[in-house]
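One structure is given below, encoded as structure tokens.
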Amino acid sequence: MTPDPLNRLVAQLAKLPGIGEKTAQRLAFHILRAPGDYASDLSQAIREVKEKVHLCGRCFSLTDAHLCGFCQDQRRDDRVVCVVETFADLMALERTREFKGRYHVLHGVLSPLDGVGPEQLRIKELLERLGDGRVEEIILATNPDVEGEATALYLTRLLKPAGIRVSRIAQGLPMGGDLEYADQATLAKALSARRDL
Ligand SMILES: [Zn+2]
């Protein structure tokens, strides 16, 4: 008989993506046996991430301040904004060290079948950011799948009439692939070899 608290921990861990029942059990035993304050540090870290981390007021990436580090960094270029689907995609692009502009996180893609229209994404906020006239280029870095392409097309039609250069990363990324899992070299090339729309 496994003690109930242990069962509860295993059940919670097993809900994590990519973690099966067996791995959840292994992790639970590890937490149980870990020396010192590991277990309480872990539980505090989990609690704090929910309490303190929220969306950046400008680009909608994640931060524990009003504006995120990418928006606050004076060395980054205000004239170029890279539009991504998720924070994970932002982090993947950031790992390439190729991009020194600003970001904008949509938090999804257009997907009519799932009931996701433009108003469910941070598109209105993107247009508002263009209001001060500082942005000269928008790089559309949505994923190269059906929804990502449709979203890029939608944004192009919206942004081009405003006289902004719109470009699309694509080359080198497999169709249907996911930015988050692309290797850094491929992603860096896709960014530098972007094409105008
Ligand atoms: Zn930000």
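Naming works like this for the structure tokens: A, B, ... for the chains as they're shown, residue 1 at the start of each chain, ligands 1 onward in shown order.
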
Practice prompt. Show me which residues sit within 9 Å of ligand 1 when counting only C-alpha atoms and all ligand atoms, and put them as number ranges by chain.
Written response: A: 55-63, 66-72, 102-105

Item to complete: Return as a ChimeraX atom specification the full set of residues in segment 18-174 of chain A whose backbone-based DSSP assignment is alpha helix (DSSP H).
Response: /A:21-33,38-52,69-72,87-95,123-129,146-159

Item to complete: Would you kindly return, as a list in words, each protein, DNA or RNA residue with an atom no farther than 8 Å from any atom of segment 150-158 of chain A, considering only C-alpha atoms and excluding same-chain residues fewer than 6 positions away?
Response: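 Surrounding residues, per the criterion: Val109, Leu110, Leu140, Thr142, Val166, Arg168 and Leu197 of chain A.
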
Worksheet item: Suppose you want the space between atom CA of Ile169 of chain A and atom CA of Glu98 of chain A; what is it in Å?
Response: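 Computed distance, atom CA of Ile169 of chain A to atom CA of Glu98 of chain A, equals 12.6 Å.
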
Restrict the calculation to only C-alpha atoms, then for each residue of segment 121-192 of chain A with any atom at most 7 Å from an atom of segment 76-91 of chain A give the closest atom pair and their distance in Å to one decimal, rows by chain and rising residue number, as a Markdown table.
| residue | atom | partner | partner_atom | distance |
| --- | --- | --- | --- | --- |
| A:Arg134 | CA | A:Arg79 | CA | 5.6 |
| A:Val135 | CA | A:Arg79 | CA | 4.1 |
| A:Glu136 | CA | A:Arg79 | CA | 5.0 |
| A:Glu137 | CA | A:Val80 | CA | 4.9 |
| A:Ile138 | CA | A:Val81 | CA | 5.0 |
| A:Ile139 | CA | A:Cys82 | CA | 4.6 |
| A:Leu140 | CA | A:Val83 | CA | 5.1 |
| A:Ala141 | CA | A:Val84 | CA | 5.1 |
| A:Thr142 | CA | A:Val84 | CA | 5.2 |
| A:Leu179 | CA | A:Asp89 | CA | 5.7 |
| A:Glu180 | CA | A:Asp89 | CA | 4.9 |
